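upload_0.pdb follows (PDB, C-alpha atoms and all ligand atoms):
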```pdb
MODEL        1
ATOM      1  CA  MET A 130    -189.434-136.873 -38.407  1.00  0.00           C
ATOM      2  CA  PHE A 131    -191.390-133.735 -39.153  1.00  0.00           C
ATOM      3  CA  ILE A 132    -190.836-132.379 -42.685  1.00  0.00           C
ATOM      4  CA  THR A 133    -192.388-129.230 -44.134  1.00  0.00           C
ATOM      5  CA  LEU A 134    -192.584-127.885 -47.659  1.00  0.00           C
ATOM      6  CA  GLU A 135    -192.583-124.129 -48.095  1.00  0.00           C
ATOM      7  CA  GLY A 136    -192.529-121.745 -51.002  1.00  0.00           C
ATOM      8  CA  PRO A 137    -193.981-118.646 -52.585  1.00  0.00           C
ATOM      9  CA  GLU A 138    -197.015-118.735 -54.856  1.00  0.00           C
ATOM     10  CA  GLY A 139    -196.798-121.072 -57.835  1.00  0.00           C
ATOM     11  CA  SER A 140    -193.766-122.937 -56.544  1.00  0.00           C
ATOM     12  CA  GLY A 141    -195.560-126.115 -57.564  1.00  0.00           C
ATOM     13  CA  LYS A 142    -196.149-127.702 -54.168  1.00  0.00           C
ATOM     14  CA  THR A 143    -199.679-128.711 -55.076  1.00  0.00           C
ATOM     15  CA  SER A 144    -198.657-130.769 -58.111  1.00  0.00           C
ATOM     16  CA  GLN A 145    -195.443-132.127 -56.605  1.00  0.00           C
ATOM     17  CA  ILE A 146    -196.804-133.419 -53.318  1.00  0.00           C
ATOM     18  CA  PRO A 147    -199.101-136.290 -54.471  1.00  0.00           C
ATOM     19  CA  PRO A 148    -196.418-138.140 -56.505  1.00  0.00           C
ATOM     20  CA  LEU A 149    -193.884-137.408 -53.765  1.00  0.00           C
ATOM     21  CA  VAL A 150    -196.135-138.942 -51.119  1.00  0.00           C
ATOM     22  CA  ASP A 151    -196.798-142.019 -53.296  1.00  0.00           C
ATOM     23  CA  PHE A 152    -193.094-142.479 -53.875  1.00  0.00           C
ATOM     24  CA  LEU A 153    -192.156-142.178 -50.196  1.00  0.00           C
ATOM     25  CA  ARG A 154    -194.856-144.645 -49.166  1.00  0.00           C
ATOM     26  CA  LEU A 155    -193.596-147.120 -51.781  1.00  0.00           C
ATOM     27  CA  GLN A 156    -190.200-146.866 -50.098  1.00  0.00           C
ATOM     28  CA  GLY A 157    -191.887-148.204 -46.976  1.00  0.00           C
ATOM     29  CA  ILE A 158    -191.991-144.899 -45.133  1.00  0.00           C
ATOM     30  CA  ASP A 159    -194.964-144.616 -42.782  1.00  0.00           C
ATOM     31  CA  LEU A 160    -195.936-141.162 -43.963  1.00  0.00           C
ATOM     32  CA  LEU A 161    -198.698-138.841 -42.876  1.00  0.00           C
ATOM     33  CA  ALA A 162    -199.261-136.062 -45.400  1.00  0.00           C
ATOM     34  CA  THR A 163    -201.250-132.986 -44.544  1.00  0.00           C
ATOM     35  CA  ARG A 164    -201.571-129.327 -45.382  1.00  0.00           C
ATOM     36  CA  GLU A 165    -202.011-125.923 -43.882  1.00  0.00           C
ATOM     37  CA  PRO A 166    -204.242-124.071 -43.420  1.00  0.00           C
ATOM     38  CA  GLY A 167    -206.660-126.954 -43.033  1.00  0.00           C
ATOM     39  CA  GLY A 168    -206.001-130.606 -42.422  1.00  0.00           C
ATOM     40  CA  THR A 169    -208.731-130.977 -39.782  1.00  0.00           C
ATOM     41  CA  ALA A 170    -212.480-130.355 -39.898  1.00  0.00           C
ATOM     42  CA  ILE A 171    -212.041-127.210 -37.786  1.00  0.00           C
ATOM     43  CA  GLY A 172    -209.006-126.109 -39.781  1.00  0.00           C
ATOM     44  CA  ASP A 173    -210.835-126.533 -43.097  1.00  0.00           C
ATOM     45  CA  GLN A 174    -213.593-124.226 -41.877  1.00  0.00           C
ATOM     46  CA  VAL A 175    -211.009-121.619 -40.889  1.00  0.00           C
ATOM     47  CA  ARG A 176    -209.303-122.088 -44.271  1.00  0.00           C
ATOM     48  CA  SER A 177    -212.465-121.181 -46.152  1.00  0.00           C
ATOM     49  CA  ILE A 178    -212.714-117.880 -44.229  1.00  0.00           C
ATOM     50  CA  LEU A 179    -209.080-117.108 -45.031  1.00  0.00           C
ATOM     51  CA  MET A 180    -209.362-117.875 -48.760  1.00  0.00           C
ATOM     52  CA  ASN A 181    -212.739-116.251 -49.432  1.00  0.00           C
ATOM     53  CA  LEU A 182    -212.328-113.385 -51.928  1.00  0.00           C
ATOM     54  CA  GLU A 183    -215.296-111.636 -50.259  1.00  0.00           C
ATOM     55  CA  ASN A 184    -213.291-111.132 -47.063  1.00  0.00           C
ATOM     56  CA  GLN A 185    -211.354-108.158 -48.446  1.00  0.00           C
ATOM     57  CA  ALA A 186    -211.666-106.256 -45.178  1.00  0.00           C
ATOM     58  CA  MET A 187    -209.595-108.805 -43.273  1.00  0.00           C
ATOM     59  CA  HIS A 188    -206.956-107.108 -41.149  1.00  0.00           C
ATOM     60  CA  PRO A 189    -203.479-108.715 -41.080  1.00  0.00           C
ATOM     61  CA  ARG A 190    -203.862-109.394 -37.340  1.00  0.00           C
ATOM     62  CA  THR A 191    -207.122-111.232 -37.968  1.00  0.00           C
ATOM     63  CA  GLU A 192    -205.409-113.170 -40.714  1.00  0.00           C
ATOM     64  CA  ILE A 193    -202.559-114.239 -38.440  1.00  0.00           C
ATOM     65  CA  LEU A 194    -204.841-115.374 -35.676  1.00  0.00           C
ATOM     66  CA  LEU A 195    -206.925-117.429 -38.081  1.00  0.00           C
ATOM     67  CA  PHE A 196    -203.840-119.140 -39.492  1.00  0.00           C
ATOM     68  CA  CYS A 197    -202.681-119.800 -35.957  1.00  0.00           C
ATOM     69  CA  ALA A 198    -206.087-121.124 -34.902  1.00  0.00           C
ATOM     70  CA  ALA A 199    -206.060-123.675 -37.721  1.00  0.00           C
ATOM     71  CA  ARG A 200    -202.452-124.587 -36.920  1.00  0.00           C
ATOM     72  CA  ALA A 201    -202.994-125.105 -33.188  1.00  0.00           C
ATOM     73  CA  GLN A 202    -205.715-127.586 -34.056  1.00  0.00           C
ATOM     74  CA  ILE A 203    -203.738-129.573 -36.608  1.00  0.00           C
ATOM     75  CA  VAL A 204    -200.690-129.753 -34.337  1.00  0.00           C
ATOM     76  CA  GLU A 205    -202.586-131.312 -31.452  1.00  0.00           C
ATOM     77  CA  GLN A 206    -205.104-133.348 -33.423  1.00  0.00           C
ATOM     78  CA  VAL A 207    -202.888-134.679 -36.202  1.00  0.00           C
ATOM     79  CA  ILE A 208    -199.183-133.837 -36.264  1.00  0.00           C
ATOM     80  CA  ARG A 209    -198.009-134.409 -32.706  1.00  0.00           C
ATOM     81  CA  PRO A 210    -199.895-137.716 -32.270  1.00  0.00           C
ATOM     82  CA  ALA A 211    -198.421-139.022 -35.547  1.00  0.00           C
ATOM     83  CA  LEU A 212    -194.887-138.039 -34.521  1.00  0.00           C
ATOM     84  CA  GLN A 213    -195.403-139.682 -31.156  1.00  0.00           C
ATOM     85  CA  GLN A 214    -196.327-142.898 -32.975  1.00  0.00           C
ATOM     86  CA  GLY A 215    -193.001-142.700 -34.781  1.00  0.00           C
ATOM     87  CA  ARG A 216    -194.502-141.745 -38.144  1.00  0.00           C
ATOM     88  CA  THR A 217    -192.969-139.322 -40.613  1.00  0.00           C
ATOM     89  CA  VAL A 218    -195.095-136.233 -41.160  1.00  0.00           C
ATOM     90  CA  LEU A 219    -194.988-134.171 -44.361  1.00  0.00           C
ATOM     91  CA  CYS A 220    -196.850-130.890 -44.090  1.00  0.00           C
ATOM     92  CA  ASP A 221    -197.599-128.560 -47.005  1.00  0.00           C
ATOM     93  CA  ARG A 222    -196.839-125.202 -45.311  1.00  0.00           C
ATOM     94  CA  TYR A 223    -196.445-124.611 -41.570  1.00  0.00           C
ATOM     95  CA  ALA A 224    -195.347-121.885 -39.153  1.00  0.00           C
ATOM     96  CA  ASP A 225    -192.649-120.620 -41.533  1.00  0.00           C
ATOM     97  CA  SER A 226    -195.439-119.574 -43.911  1.00  0.00           C
ATOM     98  CA  THR A 227    -196.660-117.174 -41.229  1.00  0.00           C
ATOM     99  CA  LEU A 228    -193.174-115.725 -40.811  1.00  0.00           C
ATOM    100  CA  ALA A 229    -192.813-115.387 -44.593  1.00  0.00           C
ATOM    101  CA  TYR A 230    -196.276-114.025 -45.456  1.00  0.00           C
ATOM    102  CA  GLN A 231    -197.352-112.146 -42.335  1.00  0.00           C
ATOM    103  CA  GLY A 232    -193.858-111.312 -41.051  1.00  0.00           C
ATOM    104  CA  TYR A 233    -191.801-110.498 -44.140  1.00  0.00           C
ATOM    105  CA  GLY A 234    -194.799-109.934 -46.452  1.00  0.00           C
ATOM    106  CA  HIS A 235    -196.952-107.714 -44.248  1.00  0.00           C
ATOM    107  CA  GLY A 236    -194.049-106.410 -42.174  1.00  0.00           C
ATOM    108  CA  LEU A 237    -195.362-107.571 -38.815  1.00  0.00           C
ATOM    109  CA  ASP A 238    -192.926-107.920 -35.917  1.00  0.00           C
ATOM    110  CA  ARG A 239    -191.115-111.208 -36.491  1.00  0.00           C
ATOM    111  CA  VAL A 240    -189.819-111.517 -32.927  1.00  0.00           C
ATOM    112  CA  PHE A 241    -193.379-111.337 -31.679  1.00  0.00           C
ATOM    113  CA  LEU A 242    -194.569-113.689 -34.432  1.00  0.00           C
ATOM    114  CA  ARG A 243    -192.031-116.309 -33.389  1.00  0.00           C
ATOM    115  CA  GLU A 244    -193.369-116.166 -29.830  1.00  0.00           C
ATOM    116  CA  LEU A 245    -196.923-116.430 -31.107  1.00  0.00           C
ATOM    117  CA  LEU A 246    -195.904-119.390 -33.246  1.00  0.00           C
ATOM    118  CA  ASP A 247    -194.236-121.084 -30.275  1.00  0.00           C
ATOM    119  CA  PHE A 248    -197.509-120.677 -28.391  1.00  0.00           C
ATOM    120  CA  THR A 249    -199.563-121.863 -31.370  1.00  0.00           C
ATOM    121  CA  THR A 250    -197.511-124.984 -32.003  1.00  0.00           C
ATOM    122  CA  GLY A 251    -196.691-125.774 -28.393  1.00  0.00           C
ATOM    123  CA  GLY A 252    -193.062-125.398 -29.477  1.00  0.00           C
ATOM    124  CA  LEU A 253    -193.258-127.942 -32.303  1.00  0.00           C
ATOM    125  CA  TRP A 254    -190.985-126.879 -35.180  1.00  0.00           C
ATOM    126  CA  PRO A 255    -190.036-129.004 -38.190  1.00  0.00           C
ATOM    127  CA  ASP A 256    -186.878-131.098 -38.288  1.00  0.00           C
ATOM    128  CA  PHE A 257    -186.455-130.480 -41.991  1.00  0.00           C
ATOM    129  CA  THR A 258    -187.880-127.786 -44.275  1.00  0.00           C
ATOM    130  CA  ILE A 259    -187.660-127.698 -48.050  1.00  0.00           C
ATOM    131  CA  LEU A 260    -188.017-124.315 -49.710  1.00  0.00           C
ATOM    132  CA  MET A 261    -189.277-124.602 -53.282  1.00  0.00           C
ATOM    133  CA  ASP A 262    -187.880-121.367 -54.565  1.00  0.00           C
ATOM    134  CA  VAL A 263    -189.216-119.704 -57.701  1.00  0.00           C
ATOM    135  CA  ASP A 264    -189.136-116.253 -59.216  1.00  0.00           C
ATOM    136  CA  VAL A 265    -192.264-114.372 -58.129  1.00  0.00           C
ATOM    137  CA  GLU A 266    -193.472-113.416 -61.589  1.00  0.00           C
ATOM    138  CA  VAL A 267    -192.978-116.922 -62.909  1.00  0.00           C
ATOM    139  CA  GLY A 268    -194.784-118.351 -59.886  1.00  0.00           C
ATOM    140  CA  LEU A 269    -197.778-116.045 -60.079  1.00  0.00           C
ATOM    141  CA  GLN A 270    -198.134-116.602 -63.832  1.00  0.00           C
ATOM    142  CA  ARG A 271    -198.019-120.353 -63.302  1.00  0.00           C
ATOM    143  CA  LYS A 272    -200.657-120.163 -60.638  1.00  0.00           C
ATOM    144  CA  GLN A 273    -202.998-117.934 -62.644  1.00  0.00           C
ATOM    145  CA  LYS A 274    -202.703-119.917 -65.859  1.00  0.00           C
ATOM    146  CA  CYS A 275    -202.311-123.523 -64.820  1.00  0.00           C
ATOM    147  CA  GLN A 276    -204.178-124.040 -61.609  1.00  0.00           C
ATOM    148  CA  GLY A 277    -207.020-121.620 -62.145  1.00  0.00           C
ATOM    149  CA  GLU A 278    -207.331-121.216 -58.377  1.00  0.00           C
ATOM    150  CA  TRP A 279    -206.893-117.545 -57.538  1.00  0.00           C
ATOM    151  CA  ASN A 280    -207.524-116.810 -53.897  1.00  0.00           C
ATOM    152  CA  ARG A 281    -207.609-113.684 -51.769  1.00  0.00           C
ATOM    153  CA  LEU A 282    -203.974-114.100 -50.727  1.00  0.00           C
ATOM    154  CA  ASP A 283    -202.688-114.437 -54.303  1.00  0.00           C
ATOM    155  CA  ALA A 284    -204.256-111.101 -55.102  1.00  0.00           C
ATOM    156  CA  TYR A 285    -201.809-109.130 -52.922  1.00  0.00           C
ATOM    157  CA  ALA A 286    -199.405-106.878 -54.783  1.00  0.00           C
ATOM    158  CA  MET A 287    -196.290-108.155 -56.494  1.00  0.00           C
ATOM    159  CA  ALA A 288    -194.076-106.320 -53.977  1.00  0.00           C
ATOM    160  CA  PHE A 289    -195.690-108.330 -51.185  1.00  0.00           C
ATOM    161  CA  HIS A 290    -194.799-111.598 -52.921  1.00  0.00           C
ATOM    162  CA  GLN A 291    -191.236-110.400 -53.525  1.00  0.00           C
ATOM    163  CA  ARG A 292    -190.863-109.788 -49.788  1.00  0.00           C
ATOM    164  CA  VAL A 293    -192.267-113.246 -49.065  1.00  0.00           C
ATOM    165  CA  ARG A 294    -189.716-114.884 -51.354  1.00  0.00           C
ATOM    166  CA  GLN A 295    -186.809-112.908 -49.929  1.00  0.00           C
ATOM    167  CA  GLY A 296    -188.016-113.721 -46.417  1.00  0.00           C
ATOM    168  CA  TYR A 297    -187.985-117.419 -47.150  1.00  0.00           C
ATOM    169  CA  LEU A 298    -184.470-117.195 -48.563  1.00  0.00           C
ATOM    170  CA  GLU A 299    -183.306-115.293 -45.484  1.00  0.00           C
ATOM    171  CA  MET A 300    -184.812-117.860 -43.101  1.00  0.00           C
ATOM    172  CA  ALA A 301    -183.130-120.648 -45.080  1.00  0.00           C
ATOM    173  CA  ARG A 302    -179.791-118.843 -44.796  1.00  0.00           C
ATOM    174  CA  GLN A 303    -180.238-118.322 -41.060  1.00  0.00           C
ATOM    175  CA  GLN A 304    -180.923-121.993 -40.288  1.00  0.00           C
ATOM    176  CA  PRO A 305    -179.007-124.049 -42.846  1.00  0.00           C
ATOM    177  CA  GLU A 306    -179.191-127.149 -40.647  1.00  0.00           C
ATOM    178  CA  ARG A 307    -182.972-127.211 -40.978  1.00  0.00           C
ATOM    179  CA  TRP A 308    -183.593-125.785 -44.479  1.00  0.00           C
ATOM    180  CA  ILE A 309    -182.659-126.739 -47.975  1.00  0.00           C
ATOM    181  CA  VAL A 310    -183.506-124.609 -50.992  1.00  0.00           C
ATOM    182  CA  ILE A 311    -184.415-126.215 -54.282  1.00  0.00           C
ATOM    183  CA  ASP A 312    -184.887-124.520 -57.631  1.00  0.00           C
ATOM    184  CA  ALA A 313    -188.583-124.991 -58.367  1.00  0.00           C
ATOM    185  CA  SER A 314    -188.324-123.322 -61.779  1.00  0.00           C
ATOM    186  CA  GLN A 315    -186.770-126.517 -63.178  1.00  0.00           C
ATOM    187  CA  PRO A 316    -189.018-128.876 -65.171  1.00  0.00           C
ATOM    188  CA  GLN A 317    -191.568-130.647 -63.008  1.00  0.00           C
ATOM    189  CA  GLU A 318    -189.875-134.053 -63.241  1.00  0.00           C
ATOM    190  CA  ALA A 319    -186.503-132.635 -62.197  1.00  0.00           C
ATOM    191  CA  VAL A 320    -188.070-130.916 -59.187  1.00  0.00           C
ATOM    192  CA  GLN A 321    -189.749-134.189 -58.217  1.00  0.00           C
ATOM    193  CA  GLN A 322    -186.445-136.067 -58.360  1.00  0.00           C
ATOM    194  CA  THR A 323    -184.738-133.393 -56.264  1.00  0.00           C
ATOM    195  CA  LEU A 324    -187.481-133.531 -53.633  1.00  0.00           C
ATOM    196  CA  ARG A 325    -187.319-137.318 -53.405  1.00  0.00           C
ATOM    197  CA  ALA A 326    -183.550-137.366 -53.097  1.00  0.00           C
ATOM    198  CA  ALA A 327    -183.503-134.628 -50.466  1.00  0.00           C
ATOM    199  CA  ILE A 328    -186.039-136.373 -48.239  1.00  0.00           C
ATOM    200  CA  LEU A 329    -184.474-139.811 -48.558  1.00  0.00           C
ATOM    201  CA  ALA A 330    -181.055-138.375 -47.739  1.00  0.00           C
ATOM    202  CA  ARG A 331    -182.386-136.640 -44.645  1.00  0.00           C
ATOM    203  CA  LEU A 332    -184.266-139.702 -43.435  1.00  0.00           C
ATOM    204  CA  ALA A 333    -181.134-141.808 -43.909  1.00  0.00           C
ATOM    205  CA  ALA A 334    -179.066-139.266 -41.978  1.00  0.00           C
ATOM    206  CA  GLU A 335    -181.618-139.228 -39.120  1.00  0.00           C
ATOM    207  CA  ALA A 336    -181.624-143.023 -38.933  1.00  0.00           C
ATOM    208  CA  LYS A 337    -177.847-143.168 -38.295  1.00  0.00           C
TER
HETATM  209  P1  LIG A 401    -203.012-122.417 -50.868  1.00  0.00           P
HETATM  210  O1  LIG A 401    -204.125-122.398 -51.839  1.00  0.00           O
HETATM  211  O2  LIG A 401    -202.839-123.613 -49.989  1.00  0.00           O
HETATM  212  O3  LIG A 401    -201.688-122.075 -51.661  1.00  0.00           O
HETATM  213  P2  LIG A 401    -200.377-122.841 -51.925  1.00  0.00           P
HETATM  214  O4  LIG A 401    -200.729-123.901 -52.931  1.00  0.00           O
HETATM  215  O5  LIG A 401    -199.492-121.769 -52.468  1.00  0.00           O
HETATM  216  O6  LIG A 401    -199.900-123.391 -50.606  1.00  0.00           O
HETATM  217  O7  LIG A 401    -203.121-121.111 -50.014  1.00  0.00           O
HETATM  218  C1  LIG A 401    -202.376-120.893 -48.920  1.00  0.00           C
HETATM  219  C2  LIG A 401    -202.154-119.411 -48.885  1.00  0.00           C
HETATM  220  O8  LIG A 401    -202.069-118.987 -47.537  1.00  0.00           O
HETATM  221  C3  LIG A 401    -200.861-119.017 -49.555  1.00  0.00           C
HETATM  222  O9  LIG A 401    -201.059-117.804 -50.249  1.00  0.00           O
HETATM  223  C4  LIG A 401    -199.942-118.768 -48.380  1.00  0.00           C
HETATM  224  C5  LIG A 401    -200.865-118.280 -47.326  1.00  0.00           C
HETATM  225  N1  LIG A 401    -200.438-118.515 -45.947  1.00  0.00           N
HETATM  226  C6  LIG A 401    -200.131-117.444 -45.129  1.00  0.00           C
HETATM  227  O10 LIG A 401    -200.195-116.289 -45.575  1.00  0.00           O
HETATM  228  N2  LIG A 401    -199.766-117.664 -43.831  1.00  0.00           N
HETATM  229  C7  LIG A 401    -199.728-118.919 -43.296  1.00  0.00           C
HETATM  230  O11 LIG A 401    -199.400-119.082 -42.098  1.00  0.00           O
HETATM  231  C8  LIG A 401    -200.069-120.028 -44.145  1.00  0.00           C
HETATM  232  C9  LIG A 401    -200.056-121.425 -43.616  1.00  0.00           C
HETATM  233  C10 LIG A 401    -200.419-119.782 -45.464  1.00  0.00           C
ENDMDL
END
```
Take the structure in this file and express it as structure tokens.
Amino acid sequence: MFITLEGPEGSGKTSQIPPLVDFLRLQGIDLLATREPGGTAIGDQVRSILMNLENQAMHPRTEILLFCAARAQIVEQVIRPALQQGRTVLCDRYADSTLAYQGYGHGLDRVFLRELLDFTTGGLWPDFTILMDVDVEVGLQRKQKCQGEWNRLDAYAMAFHQRVRQGYLEMARQQPERWIVIDASQPQEAVQQTLRAAILARLAAEAK
């Protein structure tokens, strides 16, 4: 099964994923955990171009193609082979991030983006997507204060991040069979428990 975690800035994915992965492996799940952009040697090089604060001149179309370049690589090199071996894959961000950030955030044509994403992924979409939803101001404050990592994409205007959040919520509403939305503003431990329960429930349902 292919599971993705999505969310706006500061939704807490980075701190939640390591204990989540440890827990799932302890349950005996053969789990491959990876992240986007990156996750391969080629993808990590593309990631550093995308995140570099010096690249202020980057056009949204350039940005999309770089995200897609990294994604095409991770799909064929890592994700698809693992799924073919029957493993469970957990990916921190995936194609829905492009729809949320470049589509809803930058206002690029989402019909076209979906086609581009089908091309990029060879048609591989997640079976299950968890949206870690958080208020934009809370999320950005968290990110600035706690993690200290402030990249080029975080620096976009607040209105951009509001559109990203609303876009995620809309996508979740449109495909309720694939998405669940969890409240990531809860205390960290509560979010962790919710994530664990959601994934175990979905894996159990798939196994039936
Ligand atoms: P990262 O440091 O991994 O942030 P986070 O912990 O929030 O996942 O940076 C990823 C950034 O890239 C984040 O701002 C979302 C953005 N992004 C896109 O704009 N489009 C995409 O397709 C992907 C995968 C990420």
Near-A:Gly236 list (12 Å; all atoms listed in the file; drop same-chain fewer than 6 positions) as number ranges by chain: A: 189-190, 227-230, 242, 288-290, 292-293, 296
Could you tell me, counting all atoms listed in the file, which protein and nucleic acid residues lie no more than 6 Å from ligand LIG 401 (chain A), written as a PyMOL selection string? chain A and resi 138+143+165-166+196+222-224+226-227+230-231+282-283
Selection to disk with C-alpha atoms, as a PDB file, in the coordinates of the input:
```pdb
ATOM      1  CA  GLU A 138    -197.015-118.735 -54.856  1.00  0.00           C
ATOM      2  CA  THR A 143    -199.679-128.711 -55.076  1.00  0.00           C
ATOM      3  CA  GLU A 165    -202.011-125.923 -43.882  1.00  0.00           C
ATOM      4  CA  PRO A 166    -204.242-124.071 -43.420  1.00  0.00           C
ATOM      5  CA  PHE A 196    -203.840-119.140 -39.492  1.00  0.00           C
ATOM      6  CA  ARG A 222    -196.839-125.202 -45.311  1.00  0.00           C
ATOM      7  CA  TYR A 223    -196.445-124.611 -41.570  1.00  0.00           C
ATOM      8  CA  ALA A 224    -195.347-121.885 -39.153  1.00  0.00           C
ATOM      9  CA  SER A 226    -195.439-119.574 -43.911  1.00  0.00           C
ATOM     10  CA  THR A 227    -196.660-117.174 -41.229  1.00  0.00           C
ATOM     11  CA  TYR A 230    -196.276-114.025 -45.456  1.00  0.00           C
ATOM     12  CA  GLN A 231    -197.352-112.146 -42.335  1.00  0.00           C
ATOM     13  CA  LEU A 282    -203.974-114.100 -50.727  1.00  0.00           C
ATOM     14  CA  ASP A 283    -202.688-114.437 -54.303  1.00  0.00           C
TER      15      ASP A 283
END
```
Spatial neighbours of A:Leu212, 12 Å, only C-alpha atoms, chain gap at least 3 places, as a PyMOL selection string: chain A and resi 130-132+159-162+204-209+215-219+253-256
Find, counting all atoms listed in the file, the residue in A:Val267, A:Leu179, A:Gln202, A:Gly252 that gets nearest to A:Gln315.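 Ranking A:Val267, A:Leu179, A:Gln202, A:Gly252 by distance to A:Gln315, first place goes to A:Val267.
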Run through the PyMOL selection byres (((chain A and resi 299-314) around 7) and not hetatm) on the given coordinates and return the selected residues as number ranges by chain. A: 140, 256-263, 295-298, 315-316, 320
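Minimum distance to A:Gly141 across A:Arg164, A:Arg154, A:Arg271, A:Lys337 (counting only C-alpha atoms) occurs at A:Arg271.
The smallest atom-to-atom distance between A:Leu237 and any of A:Ile193, A:Ala336, A:Thr169, A:Glu318, using all atoms listed in the file, is found for A:Ile193.
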For the point (-186.7, -143.9, -44.2) in the file's frame, write as a ChimeraX atom specification all residues with an atom no more than 6 Å away, counting all atoms listed in the file. /A:158,332-333
Explicit residues for the PyMOL selection byres (((chain A and resi 172) around 9) and not hetatm) (as a ChimeraX atom specification): /A:165-171,173-177,196,198-203
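Considering all atoms listed in the file, the residue among A:Val150, A:Ala326, A:Gln321, A:Glu335 positioned nearest to A:Cys220 is A:Val150.
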Just to confirm, what's the straight-line distance from atom CA of A:Ala319 to atom CA of A:Thr133 in Å (one decimal)?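 Distance between the two atoms: 19.3 Å.
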With the input short on atoms, add N, CA and C atoms back to stretch 289-307 of chain A and write it as a compact mmCIF listing (two decimals), keeping the file's coordinate frame.
```txt
# COMPACT_ATOMS: atom_id res chain seq x y z
N PHE A 289 -195.43 -107.46 -52.34
CA PHE A 289 -195.69 -108.33 -51.18
C PHE A 289 -195.05 -109.70 -51.44
N HIS A 290 -195.31 -110.26 -52.62
CA HIS A 290 -194.80 -111.60 -52.92
C HIS A 290 -193.28 -111.61 -53.03
N GLN A 291 -192.71 -110.49 -53.49
CA GLN A 291 -191.24 -110.40 -53.52
C GLN A 291 -190.68 -110.47 -52.10
N ARG A 292 -191.34 -109.77 -51.18
CA ARG A 292 -190.86 -109.79 -49.79
C ARG A 292 -190.99 -111.19 -49.19
N VAL A 293 -192.08 -111.88 -49.56
CA VAL A 293 -192.27 -113.25 -49.06
C VAL A 293 -191.11 -114.13 -49.54
N ARG A 294 -190.79 -114.03 -50.82
CA ARG A 294 -189.72 -114.88 -51.35
C ARG A 294 -188.39 -114.57 -50.66
N GLN A 295 -188.08 -113.28 -50.56
CA GLN A 295 -186.81 -112.91 -49.93
C GLN A 295 -186.78 -113.35 -48.47
N GLY A 296 -187.92 -113.28 -47.81
CA GLY A 296 -188.02 -113.72 -46.42
C GLY A 296 -187.70 -115.20 -46.28
N TYR A 297 -188.28 -115.99 -47.16
CA TYR A 297 -187.98 -117.42 -47.15
C TYR A 297 -186.49 -117.66 -47.32
N LEU A 298 -185.90 -116.97 -48.30
CA LEU A 298 -184.47 -117.20 -48.56
C LEU A 298 -183.64 -116.80 -47.35
N GLU A 299 -184.05 -115.72 -46.68
CA GLU A 299 -183.31 -115.29 -45.48
C GLU A 299 -183.42 -116.33 -44.37
N MET A 300 -184.64 -116.84 -44.16
CA MET A 300 -184.81 -117.86 -43.10
C MET A 300 -183.97 -119.10 -43.41
N ALA A 301 -183.92 -119.47 -44.69
CA ALA A 301 -183.13 -120.65 -45.08
C ALA A 301 -181.64 -120.40 -44.81
N ARG A 302 -181.20 -119.17 -45.06
CA ARG A 302 -179.79 -118.84 -44.80
C ARG A 302 -179.49 -118.87 -43.30
N GLN A 303 -180.48 -118.42 -42.50
CA GLN A 303 -180.24 -118.32 -41.06
C GLN A 303 -180.19 -119.68 -40.37
N GLN A 304 -180.89 -120.67 -40.94
CA GLN A 304 -180.92 -121.99 -40.29
C GLN A 304 -180.59 -123.08 -41.30
N PRO A 305 -179.35 -123.10 -41.78
CA PRO A 305 -179.01 -124.05 -42.85
C PRO A 305 -179.11 -125.51 -42.41
N GLU A 306 -179.09 -125.76 -41.09
CA GLU A 306 -179.19 -127.15 -40.65
C GLU A 306 -180.63 -127.67 -40.79
N ARG A 307 -181.58 -126.77 -40.81
CA ARG A 307 -182.97 -127.21 -40.98
C ARG A 307 -183.46 -127.10 -42.42
```
